[in-house]
4 protein chains.
Amino acid sequence: LTVTRTQKLRAELFGEGLGFLMEAHNALSAKIVEEFRFEGIWASGLTIATTLGFRDCNEASWTQVLDVVETMADVTTIPILLDGDSGFGNFNNVRLLVRKLCQRGVAGICLADKPFPKLNSLVGDLQPLAAVDEFCGKIKAAKDSQTDDDFCVVARVEALVSGAGMNEAMRRATAYSAAGADAVLVHSKRSSSDEVVAFGHRWARRTPVLIVPTTYPAIRPETIQAAGISVVIWANHNLRAAISSMRSVCRQINEARSAAEVQGTIASVGEVLELFDHAELLRANELYGT
Amino acid sequence: LTVTRTQKLRAELFGEGLGFLMEAHNALSAKIVEEFRFEGIWASGLTIATTLGFRDCNEASWTQVLDVVETMADVTTIPILLDGDSGFGNFNNVRLLVRKLCQRGVAGICLADKPFPKLNSLVGDLQPLAAVDEFCGKIKAAKDSQTDDDFCVVARVEALVSGAGMNEAMRRATAYSAAGADAVLVHSKRSSSDEVVAFGHRWARRTPVLIVPTTYPAIRPETIQAAGISVVIWANHNLRAAISSMRSVCRQINEARSAAEVQGTIASVGEVLELFDHAELLRANELYGT
Amino acid sequence: LTVTRTQKLRAELFGEGLGFLMEAHNALSAKIVEEFRFEGIWASGLTIATTLGFRDCNEASWTQVLDVVETMADVTTIPILLDGDSGFGNFNNVRLLVRKLCQRGVAGICLADKPFPKLNSLVGDLQPLAAVDEFCGKIKAAKDSQTDDDFCVVARVEALVSGAGMNEAMRRATAYSAAGADAVLVHSKRSSSDEVVAFGHRWARRTPVLIVPTTYPAIRPETIQAAGISVVIWANHNLRAAISSMRSVCRQINEARSAAEVQGTIASVGEVLELFDHAELLRANELYGT
Amino acid sequence: LTVTRTQKLRAELFGEGLGFLMEAHNALSAKIVEEFRFEGIWASGLTIATTLGFRDCNEASWTQVLDVVETMADVTTIPILLDGDSGFGNFNNVRLLVRKLCQRGVAGICLADKPFPKLNSLVGDLQPLAAVDEFCGKIKAAKDSQTDDDFCVVARVEALVSGAGMNEAMRRATAYSAAGADAVLVHSKRSSSDEVVAFGHRWARRTPVLIVPTTYPAIRPETIQAAGISVVIWANHNLRAAISSMRSVCRQINEARSAAEVQGTIASVGEVLELFDHAELLRANELYGT
């Protein structure tokens with residue numbers, strides 16, 4: 001019996017253990033996430049936008065994002081959770097997207113209670129929270145549109161980030177769960193994890209909880225589990241690593257006017273070719289070629 | 001007076017100095033190449049394919065490659081030379097592609113004298129060279145289709161790689177130049193640069209020459225210039241750096257079950273946001289927002 | 001001296017005569033519009049959506065619409081005015097789109113003062129008008145983003161359709177012009193042209209005016225010109241003709257279980273091949289083939 | 001128990017009766033084909049290319065064709081057979097395409113024994129037939145790549161069109177069947193059906209046979225069935241009808257400078273809105289809107 005990707009994501013959310021989703025922004029990084037046996041892939045809105053040369057405010061169209069996440073799904077077998085921002089429009093845009101995600105093998109979507117276009121919360125406090133009713137409509141629409149029973153809809157609660165406070169976060173998480181959200185992602189941009197831990201304790205596993213410790217990376221697994229949180233998202237670390245290393249190799253090659261020095265410090269061309277199994281082409285050529 | 005990108009590429013090819021093109025595979029890496037003041041960007045077939053989860057045998061369609069290179073052009077001002085493989089089909093496919101490249105702000109295309117679909121020459125010796133006549137037809141078609149007078153068509157000579165020898169390389173380079181190629185790229189997969197240097201001396205600047213020292217990275221700028229070669233392409237180093245660093249950060253985070261350790265070794269989220277100027281959104285919001 | 005497409009559109013808007021834009025929904029219909037010497041092409045949101053199997057509520061992403069309109073521009077030389085709905089998001093989405101339209105050879109965009117996603121006004125009265133300030137921000141953003149000086153931004157006034165009345169329509173048209181709109185499109189869904197004619201007289205050519213006589217097709221050219229209106233848009237007639245004829249041919253072939261009867265009533269395969277000049281391939285093959 | 005689209009196509013091919021596939025070139029025409037209860041949809045290479053402004057020689061990339069056929073599948077429930085030309089490259093390109101067609105809900109692919117890029121056989125006799133071995137490799141590759149057991153691979157035999165004769169057509173059909181083709185499409189460009197009928201009799205239902213009576217539209221259903229042919233493809237009639245009617249409506253509107261006369265002869269805007277059920281948006285708004 002095969003376990004599907006949506007079942008795997010569901011198992012991570014609802015299981016006893018602590019699961020980790022690692023960020024990917026294209027097929028290559030998704031493949032690397034799978035290589036290191038993370039429980040799943042976080043298809044980040046910010047990092048997908050950045051690789052496309054866009055900013056994190058829904059400059060990339062929903063079909064461009066879909067095309068990227070499809071390439072991720074095509075080369076991996078672990079579940080992918082798409083950062084769906086605020087859903088690329090209203091409830092109807094959410095319905096279209098969810099149907100397509102199910103078709104392309106994406107295991108879940110995370111929707112944030114912000115307006116469209118959504119501005120990255122680290123840029124500035126320009127945006128109000130979405131109205132609870134409106135956002136619940138999107139969640140219902142998403143759930144009613146999934147063509148795979150195990151597809152997961154995660155509701156991202158921005159109340160703490162926006163300064164609306166813990167009670168508002170609880171009120172919203174409650175409403176979103178009632179609307180059908182399979183899990184809630186409670187977001188915080190504090191440098192301490194106190195806020196999300198407090199949320200976890202108050203929420204008391206009413207649904208699974210996910211966190212994104214970008215600003216509080218030192219949080220310990222024990223702390224997370226004790227707070228009833230089941231999934232951690234490392235939301236942008238692959239892209240950040242890639243940026244640093246590309247800058248480093250550019251600097252070195254530029255200064256040396258030679259690639260001799262960097263040669264041993266970067267993946268070989270052979271490793272590049274192995275990633276998507278060029279050797280299979282030779283075997284296939286035996287079977288199908290002339 | 002503005003110097004266009006095609007004029008910049010032409011100046012690199014025909015100028016006295018030695019220019020360096022650095023590989024990029026998406027808008028992000030293209031932006032980083034520009035940041036380090038390389039003379040131009042090499043939009044690599046291998047690395048674009050790899051980021052899309054494809055293999056280097058024209059699995060990616062010509063429109064997918066066009067979409068990628070457009071995002072590179074949109075965020076940079078330095079010239080981009082596209083690795084156009086064998087032109088995605090016959091002369092007619094080349095015509096279409098060249099017209100679109102001119103529209104999207106790409107400065108030149110490199111066409112290789114191989115069949116379509118082209119297999120990466122490092123995978124195996126499965127493919128014959130293209131017939132000289134057929135390939136010259138593609139070069140003529142490319143030149144006749146460019147809508148920007150300064151657009152460059154570079155003919156990539158695979159004779160040395162395929163073992164056909166120096167005389168064949170010279171014969172082909174001569175034919176391709178006569179067909180209208182603005183420059184020739186002489187490729188070698190030896191670990192020594194002797195072959196390309198010998199070609200350079202024999203060719204004696206009849207057209208500009210480009211080389212791709214992937215297997216002979218220690219070649220010195222003085223040697224290159226003495227051989228009458230004007231442009232060096234670092235063909236895959238950004239991707240190789242990104243792969244290594246993503247693997248490293250995945251390994252560390254996975255083992256530590258924490259991102260605390262890697263935090264200081266990778267670009268900050270602030271740096272990510274600066275790349276495509278999220279701050280401009282705040283200024284634009286003053287002008288156009290409510 | 002070549003007259004550009006943007007100059008042609010501008011000439012139609014600001015000239016003395018009356019110009020007609022005919023609807024197209026893909027490259028084929030655009031080509032046919034050009035064949036019949038209309039002054040330009042109306043790339044309709046409704047009909048593009050319908051050919052894609054989408055509804056007229058921004059189900060199609062902005063990049064999907066861009067891809068369609070690009071294919072129209074590639075096969076024609078007359079100006080194209082894109083029905084840009086409410087701009088696919090906020091001012092920032094408008095900026096992106098306008099830059100791309102200029103790149104792809106589209107001559108102008110029409111923006112409607114409705115929310116995003118926009119619902120076709122014939123479906124129901126679900127949507128309020130956009131706030132004047134917000135919409136003026138989009139117009140300014142569009143004008144500041146055009147990379148071709150002659151690109152036109154047309155502001156579509158929905159006040160009459162929404163029942164807000166003539167004074168509101170005048171107030172909005174005035175504000176939109178002050179914000180930089182090159183022209184206003186005054187929309188009405190009455191079966192009489194009285195409303196738009198009255199608007200034209202009151203507006204008195206302060207900017208060019210466009211109308212869309214879908215519900216009042218019998219309006220006479222003399223009436224239109226007397227009202228100071230310079231451009232008429234036949235907004236969906238090609239698609240409507242195509243639907244009728246495809247239904248008719250499907251019905252006949254299905255009933256007869258033969259295509260013999262319809263053969264003489266539809267374009268020949270030769271005519272299909274002539275549309276995009278397959279014969280040129282034979283000539284090109286002489287030049288570039290082997 | 002639901003019957004899948006691939007099962008429906010298989011049933012048409014292998015059943016006793018005679019099935020008819022009607023051409024579509026986009027979601028709209030596909031929807032109309034379904035409306036008239038044809039057994040399936042022929043997604044034509046020629047007509048899809050024409051609507052995109054391309055010529056029938058693989059100017060459209062495989063991903064552009066895939067995008068079009070996906071929109072057809074999204075709005076219909078009857079099977080779609082894609083005209084896959086010569087497979088967009090070699091066996092490996094065929095593999096990719098077949099996997100994607102299965103994902104997007106397309107029921108089968110027809111592959112022609114011609115080179116890539118393929119030139120429409122009505123344009124000129126520029127192209128040789130593909131080598132039998134090479135083409136059999138594509139068929140095997142297609143069959144081994146399908147992820148839906150009932151997906152159909154149809155081998156299109158161009159021997160009669162190319163003048164290679166009946167024996168060659170039989171030899172090739174035999175080889176293609178042995179390689180795994182589910183059915184053969186025997187093509188002829190004669191104005192009489194004698195050739196395909198003769199083929200049918202000689203083939204004697206060794207596999208299902210499909211024909212494309214573009215040049216011999218008067219062929220009778222009884223003749224077809226007696227020859228052991230199970231599926232007829234009306235390969236381009238919707239597009240040809242659309243072209244005629246769009247030209248007609250353009251001519252009339254242009255001459256009259258009014259749409260009053262054509263109004264009653266074309267589909268109403270209401271009919272356009274009904275095609276993809278805009279009324280559902282109002283119901284959905286009750287459920288999910290605010």
# chains A, B, ... in the order shown; residues from 1 in each chain; ligands from 1
$ interface_residues --of "chain A" --to "chain C" --cutoff "9 Å" --atoms "only C-alpha atoms" --output "ChimeraX atom specification"
/A:57-64,88-90,92-93,96,116-117
$ residues_around --residues "A:Leu46" --least-positions-apart "4" --cutoff "12 Å" --atoms "only C-alpha atoms" --output "JSON, numbers by chain"
{"A": [23, 24, 25, 42, 50, 51, 52, 53, 54, 55, 56, 57, 58, 59, 60, 65, 82, 83, 84, 85, 118, 119, 120, 121, 122, 123, 235, 236, 237, 238, 239, 240], "B": [269, 270, 272, 273, 275, 276, 278]}
$ select_by_dssp --residues "stretch 45-228 of chain B" --states "alpha helix (DSSP H)" --output "VMD selection string"
chain B and resid 45 to 51 62 to 74 91 to 104 132 to 145 166 to 178 194 to 203 221 to 226
$ residues_around --residues "A:Glu34" --least-positions-apart "4" --cutoff "9 Å" --atoms "only C-alpha atoms" --output "PyMOL selection string"
chain A and resi 29-30+38-41+76-78
$ closest_residue --among "A:Leu101, A:Ala175, A:Ala11, A:Val161" --to "A:Ala131" --atoms "only C-alpha atoms"
A:Ala175
$ closest_residue --among "A:Pro115, A:Ile211, A:Glu134, A:Met246" --to "B:Lys31" --atoms "only C-alpha atoms"
A:Met246
$ closest_residue --among "C:Thr6, C:Ser177, C:Asn285, C:Ser258" --to "C:Pro79" --atoms "only C-alpha atoms"
C:Thr6
$ select_by_dssp --residues "stretch 13-165 of chain B" --states "strand (DSSP E or B)" --output "PyMOL selection string"
chain B and resi 19-24+40-43+80-83+108-112+152-157
$ write_last_selection --atoms "N, CA, C and O atoms" --output "JSON list (two decimals), in the first residue's frame"
[["chain", "number", "residue", "atom", "x", "y", "z"],
["B", 19, "GLY", "N", 37.06, 39.72, -21.26],
["B", 19, "GLY", "CA", 35.81, 39.83, -20.50],
["B", 19, "GLY", "C", 35.42, 38.49, -19.90],
["B", 19, "GLY", "O", 35.78, 37.43, -20.43],
["B", 20, "PHE", "N", 34.68, 38.56, -18.82],
["B", 20, "PHE", "CA", 34.25, 37.33, -18.13],
["B", 20, "PHE", "C", 32.73, 37.31, -18.00],
["B", 20, "PHE", "O", 32.13, 38.27, -17.51],
["B", 21, "LEU", "N", 32.15, 36.24, -18.46],
["B", 21, "LEU", "CA", 30.71, 36.03, -18.27],
["B", 21, "LEU", "C", 30.53, 34.99, -17.16],
["B", 21, "LEU", "O", 31.15, 33.94, -17.19],
["B", 22, "MET", "N", 29.66, 35.29, -16.23],
["B", 22, "MET", "CA", 29.43, 34.38, -15.11],
["B", 22, "MET", "C", 28.04, 33.77, -15.25],
["B", 22, "MET", "O", 27.08, 34.46, -15.61],
["B", 23, "GLU", "N", 27.97, 32.52, -14.93],
["B", 23, "GLU", "CA", 26.73, 31.76, -15.08],
["B", 23, "GLU", "C", 25.62, 32.24, -14.16],
["B", 23, "GLU", "O", 25.84, 32.56, -13.00],
["B", 24, "ALA", "N", 24.41, 32.25, -14.69],
["B", 24, "ALA", "CA", 23.22, 32.44, -13.86],
["B", 24, "ALA", "C", 22.14, 31.50, -14.37],
["B", 24, "ALA", "O", 22.15, 31.10, -15.55],
["B", 40, "GLY", "N", 29.27, 40.20, -18.10],
["B", 40, "GLY", "CA", 28.00, 39.73, -18.60],
["B", 40, "GLY", "C", 27.58, 38.44, -17.92],
["B", 40, "GLY", "O", 28.27, 37.91, -17.04],
["B", 41, "ILE", "N", 26.42, 37.97, -18.33],
["B", 41, "ILE", "CA", 25.79, 36.79, -17.73],
["B", 41, "ILE", "C", 25.73, 35.68, -18.77],
["B", 41, "ILE", "O", 25.32, 35.91, -19.91],
["B", 42, "TRP", "N", 26.13, 34.50, -18.36],
["B", 42, "TRP", "CA", 25.98, 33.31, -19.19],
["B", 42, "TRP", "C", 24.74, 32.58, -18.69],
["B", 42, "TRP", "O", 24.73, 32.04, -17.57],
["B", 43, "ALA", "N", 23.70, 32.58, -19.49],
["B", 43, "ALA", "CA", 22.47, 31.87, -19.13],
["B", 43, "ALA", "C", 22.64, 30.43, -19.60],
["B", 43, "ALA", "O", 22.39, 30.11, -20.76],
["B", 80, "ILE", "N", 23.33, 39.61, -21.43],
["B", 80, "ILE", "CA", 23.10, 38.19, -21.21],
["B", 80, "ILE", "C", 23.35, 37.45, -22.52],
["B", 80, "ILE", "O", 22.81, 37.83, -23.55],
["B", 81, "LEU", "N", 24.16, 36.42, -22.44],
["B", 81, "LEU", "CA", 24.36, 35.52, -23.59],
["B", 81, "LEU", "C", 23.68, 34.21, -23.25],
["B", 81, "LEU", "O", 24.02, 33.56, -22.27],
["B", 82, "LEU", "N", 22.69, 33.85, -24.06],
["B", 82, "LEU", "CA", 21.95, 32.62, -23.79],
["B", 82, "LEU", "C", 22.63, 31.43, -24.45],
["B", 82, "LEU", "O", 22.94, 31.45, -25.64],
["B", 83, "ASP", "N", 22.81, 30.40, -23.67],
["B", 83, "ASP", "CA", 23.22, 29.09, -24.17],
["B", 83, "ASP", "C", 21.99, 28.48, -24.86],
["B", 83, "ASP", "O", 21.09, 27.98, -24.20],
["B", 108, "GLY", "N", 22.58, 38.10, -26.77],
["B", 108, "GLY", "CA", 23.12, 37.19, -27.76],
["B", 108, "GLY", "C", 22.72, 35.77, -27.50],
["B", 108, "GLY", "O", 22.20, 35.43, -26.43],
["B", 109, "ILE", "N", 22.95, 34.93, -28.49],
["B", 109, "ILE", "CA", 22.67, 33.51, -28.34],
["B", 109, "ILE", "C", 23.90, 32.73, -28.80],
["B", 109, "ILE", "O", 24.58, 33.12, -29.76],
["B", 110, "CYS", "N", 24.16, 31.66, -28.11],
["B", 110, "CYS", "CA", 25.22, 30.74, -28.52],
["B", 110, "CYS", "C", 24.54, 29.47, -29.04],
["B", 110, "CYS", "O", 23.72, 28.86, -28.33],
["B", 111, "LEU", "N", 24.86, 29.11, -30.26],
["B", 111, "LEU", "CA", 24.28, 27.90, -30.86],
["B", 111, "LEU", "C", 25.38, 26.85, -31.06],
["B", 111, "LEU", "O", 26.47, 27.17, -31.52],
["B", 112, "ALA", "N", 25.07, 25.61, -30.69],
["B", 112, "ALA", "CA", 26.06, 24.54, -30.79],
["B", 112, "ALA", "C", 25.77, 23.64, -31.99],
["B", 112, "ALA", "O", 24.61, 23.38, -32.31],
["B", 152, "CYS", "N", 24.22, 39.42, -30.92],
["B", 152, "CYS", "CA", 25.33, 38.57, -31.32],
["B", 152, "CYS", "C", 24.94, 37.10, -31.41],
["B", 152, "CYS", "O", 24.29, 36.56, -30.51],
["B", 153, "VAL", "N", 25.38, 36.47, -32.47],
["B", 153, "VAL", "CA", 25.21, 35.03, -32.63],
["B", 153, "VAL", "C", 26.59, 34.38, -32.53],
["B", 153, "VAL", "O", 27.48, 34.66, -33.33],
["B", 154, "VAL", "N", 26.73, 33.55, -31.51],
["B", 154, "VAL", "CA", 27.99, 32.87, -31.26],
["B", 154, "VAL", "C", 27.85, 31.41, -31.70],
["B", 154, "VAL", "O", 26.90, 30.74, -31.30],
["B", 155, "ALA", "N", 28.78, 30.95, -32.52],
["B", 155, "ALA", "CA", 28.73, 29.56, -32.99],
["B", 155, "ALA", "C", 29.66, 28.71, -32.13],
["B", 155, "ALA", "O", 30.86, 28.98, -32.04],
["B", 156, "ARG", "N", 29.06, 27.73, -31.48],
["B", 156, "ARG", "CA", 29.86, 26.87, -30.60],
["B", 156, "ARG", "C", 30.35, 25.66, -31.38],
["B", 156, "ARG", "O", 29.54, 24.89, -31.92],
["B", 157, "VAL", "N", 31.64, 25.49, -31.41],
["B", 157, "VAL", "CA", 32.28, 24.44, -32.18],
["B", 157, "VAL", "C", 32.56, 23.25, -31.25],
["B", 157, "VAL", "O", 33.34, 23.36, -30.31]]
$ residues_around --residues "A:Ala141" --least-positions-apart "2" --cutoff "9 Å" --atoms "only C-alpha atoms" --output "list in words"
Phe91, Asn92, Val94, Arg95, Val98, Cys136, Gly137, Lys138, Ile139, Lys143, Asp144, Ser145 and Gln146 of chain A; Ala284, Leu287 and Tyr288 of chain D
$ write_last_selection --atoms "C-alpha atoms" --output "mmCIF file, in the first residue's frame"
data_model
loop_
_atom_site.group_PDB
_atom_site.id
_atom_site.type_symbol
_atom_site.label_atom_id
_atom_site.label_comp_id
_atom_site.auth_asym_id
_atom_site.auth_seq_id
_atom_site.Cartn_x
_atom_site.Cartn_y
_atom_site.Cartn_z
ATOM 1 C CA PHE A 91 -12.419 32.777 -2.412
ATOM 2 C CA ASN A 92 -12.820 31.993 -6.086
ATOM 3 C CA VAL A 94 -8.456 30.065 -3.890
ATOM 4 C CA ARG A 95 -10.742 27.424 -5.361
ATOM 5 C CA VAL A 98 -6.462 24.366 -4.710
ATOM 6 C CA CYS A 136 -13.167 31.916 6.719
ATOM 7 C CA GLY A 137 -14.845 32.006 3.314
ATOM 8 C CA LYS A 138 -11.476 31.322 1.706
ATOM 9 C CA ILE A 139 -10.811 28.400 4.032
ATOM 10 C CA LYS A 143 -11.652 22.700 1.661
ATOM 11 C CA ASP A 144 -14.617 22.317 -0.680
ATOM 12 C CA SER A 145 -12.329 22.436 -3.719
ATOM 13 C CA GLN A 146 -9.715 19.870 -2.804
ATOM 14 C CA ALA D 284 -20.615 30.555 -4.526
ATOM 15 C CA LEU D 287 -21.470 30.322 0.418
ATOM 16 C CA TYR D 288 -18.053 31.905 0.629
#
$ closest_residue --among "A:Ala241, A:Ala256, A:Leu1, A:Leu126" --to "B:Pro217" --atoms "only C-alpha atoms"
A:Ala256
$ residues_around --residues "B:Lys114" --least-positions-apart "6" --cutoff "9 Å" --atoms "only C-alpha atoms" --output "list of chain:residue names"
B:Asp85, B:Ser86, B:Gln127, B:Pro128, B:Leu129, B:Ala130, B:Ala131, B:Phe135, B:Glu158
$ residues_around --residues "C:Phe199" --least-positions-apart "3" --cutoff "8 Å" --atoms "only C-alpha atoms" --output "PyMOL selection string"
chain C and resi 166+170+186+195-196+202-203
$ residues_around --residues "D:Arg247" --least-positions-apart "5" --cutoff "9 Å" --atoms "only C-alpha atoms" --output "number ranges by chain"
C: 29, 32-33, 35-36, 238; D: 242, 252
$ write_last_selection --atoms "all heavy atoms" --output "mmCIF file, in the first residue's frame"
data_model
loop_
_atom_site.group_PDB
_atom_site.id
_atom_site.type_symbol
_atom_site.label_atom_id
_atom_site.label_comp_id
_atom_site.auth_asym_id
_atom_site.auth_seq_id
_atom_site.Cartn_x
_atom_site.Cartn_y
_atom_site.Cartn_z
ATOM 1 N N SER C 29 -7.845 35.491 -34.118
ATOM 2 C CA SER C 29 -8.891 36.499 -34.261
ATOM 3 C C SER C 29 -8.264 37.891 -34.420
ATOM 4 O O SER C 29 -8.800 38.734 -35.146
ATOM 5 C CB SER C 29 -9.870 36.450 -33.086
ATOM 6 O OG SER C 29 -9.202 36.373 -31.855
ATOM 7 N N ILE C 32 -7.435 38.350 -37.994
ATOM 8 C CA ILE C 32 -8.639 38.610 -38.790
ATOM 9 C C ILE C 32 -9.104 40.055 -38.611
ATOM 10 O O ILE C 32 -9.527 40.712 -39.570
ATOM 11 C CB ILE C 32 -9.744 37.583 -38.436
ATOM 12 C CG1 ILE C 32 -9.332 36.206 -38.994
ATOM 13 C CG2 ILE C 32 -11.098 38.016 -38.984
ATOM 14 C CD1 ILE C 32 -10.247 35.061 -38.589
ATOM 15 N N VAL C 33 -8.994 40.566 -37.400
ATOM 16 C CA VAL C 33 -9.342 41.974 -37.177
ATOM 17 C C VAL C 33 -8.467 42.875 -38.055
ATOM 18 O O VAL C 33 -8.968 43.803 -38.700
ATOM 19 C CB VAL C 33 -9.192 42.360 -35.691
ATOM 20 C CG1 VAL C 33 -9.375 43.871 -35.497
ATOM 21 C CG2 VAL C 33 -10.202 41.597 -34.838
ATOM 22 N N GLU C 35 -7.015 42.055 -40.826
ATOM 23 C CA GLU C 35 -7.386 41.781 -42.215
ATOM 24 C C GLU C 35 -8.519 42.706 -42.680
ATOM 25 O O GLU C 35 -8.573 43.090 -43.841
ATOM 26 C CB GLU C 35 -7.835 40.317 -42.249
ATOM 27 C CG GLU C 35 -7.875 39.609 -43.560
ATOM 28 C CD GLU C 35 -8.269 38.136 -43.335
ATOM 29 O OE1 GLU C 35 -7.554 37.418 -42.591
ATOM 30 O OE2 GLU C 35 -9.321 37.716 -43.864
ATOM 31 N N PHE C 36 -9.415 43.030 -41.758
ATOM 32 C CA PHE C 36 -10.571 43.851 -42.137
ATOM 33 C C PHE C 36 -10.358 45.331 -41.835
ATOM 34 O O PHE C 36 -11.301 46.111 -41.824
ATOM 35 C CB PHE C 36 -11.848 43.294 -41.500
ATOM 36 C CG PHE C 36 -12.312 42.065 -42.232
ATOM 37 C CD1 PHE C 36 -11.844 40.804 -41.864
ATOM 38 C CD2 PHE C 36 -13.131 42.168 -43.342
ATOM 39 C CE1 PHE C 36 -12.225 39.677 -42.575
ATOM 40 C CE2 PHE C 36 -13.516 41.044 -44.055
ATOM 41 C CZ PHE C 36 -13.051 39.790 -43.671
ATOM 42 N N ASN C 238 -16.417 38.952 -32.268
ATOM 43 C CA ASN C 238 -15.734 37.837 -32.918
ATOM 44 C C ASN C 238 -15.965 36.536 -32.147
ATOM 45 O O ASN C 238 -16.236 35.496 -32.748
ATOM 46 C CB ASN C 238 -14.219 38.117 -33.033
ATOM 47 C CG ASN C 238 -13.861 38.746 -34.359
ATOM 48 O OD1 ASN C 238 -14.457 38.425 -35.390
ATOM 49 N ND2 ASN C 238 -12.886 39.646 -34.342
ATOM 50 N N ALA D 242 -15.047 28.829 -37.288
ATOM 51 C CA ALA D 242 -14.788 30.071 -36.551
ATOM 52 C C ALA D 242 -14.163 31.123 -37.455
ATOM 53 O O ALA D 242 -14.532 32.302 -37.409
ATOM 54 C CB ALA D 242 -13.890 29.790 -35.342
ATOM 55 N N GLN D 252 -19.188 42.595 -42.013
ATOM 56 C CA GLN D 252 -20.480 43.265 -41.844
ATOM 57 C C GLN D 252 -20.388 44.484 -40.937
ATOM 58 O O GLN D 252 -20.925 45.545 -41.233
ATOM 59 C CB GLN D 252 -21.502 42.283 -41.275
ATOM 60 C CG GLN D 252 -21.948 41.233 -42.274
ATOM 61 C CD GLN D 252 -22.925 40.267 -41.617
ATOM 62 O OE1 GLN D 252 -24.071 40.620 -41.365
ATOM 63 N NE2 GLN D 252 -22.468 39.064 -41.322
#
$ atom_distance --atom1 "atom CA of B:Glu168" --atom2 "atom CA of B:Leu210"
17.6 Å
$ atom_distance --atom1 "atom CA of D:Thr215" --atom2 "atom CA of D:Ser188"
7.9 Å
$ closest_residue --among "B:Val262, B:Glu286, B:Val249, B:Ile229" --to "B:Glu16" --atoms "only C-alpha atoms"
B:Ile229
$ atom_distance --atom1 "atom CA of C:Gly17" --atom2 "atom CA of C:Val209"
12.3 Å
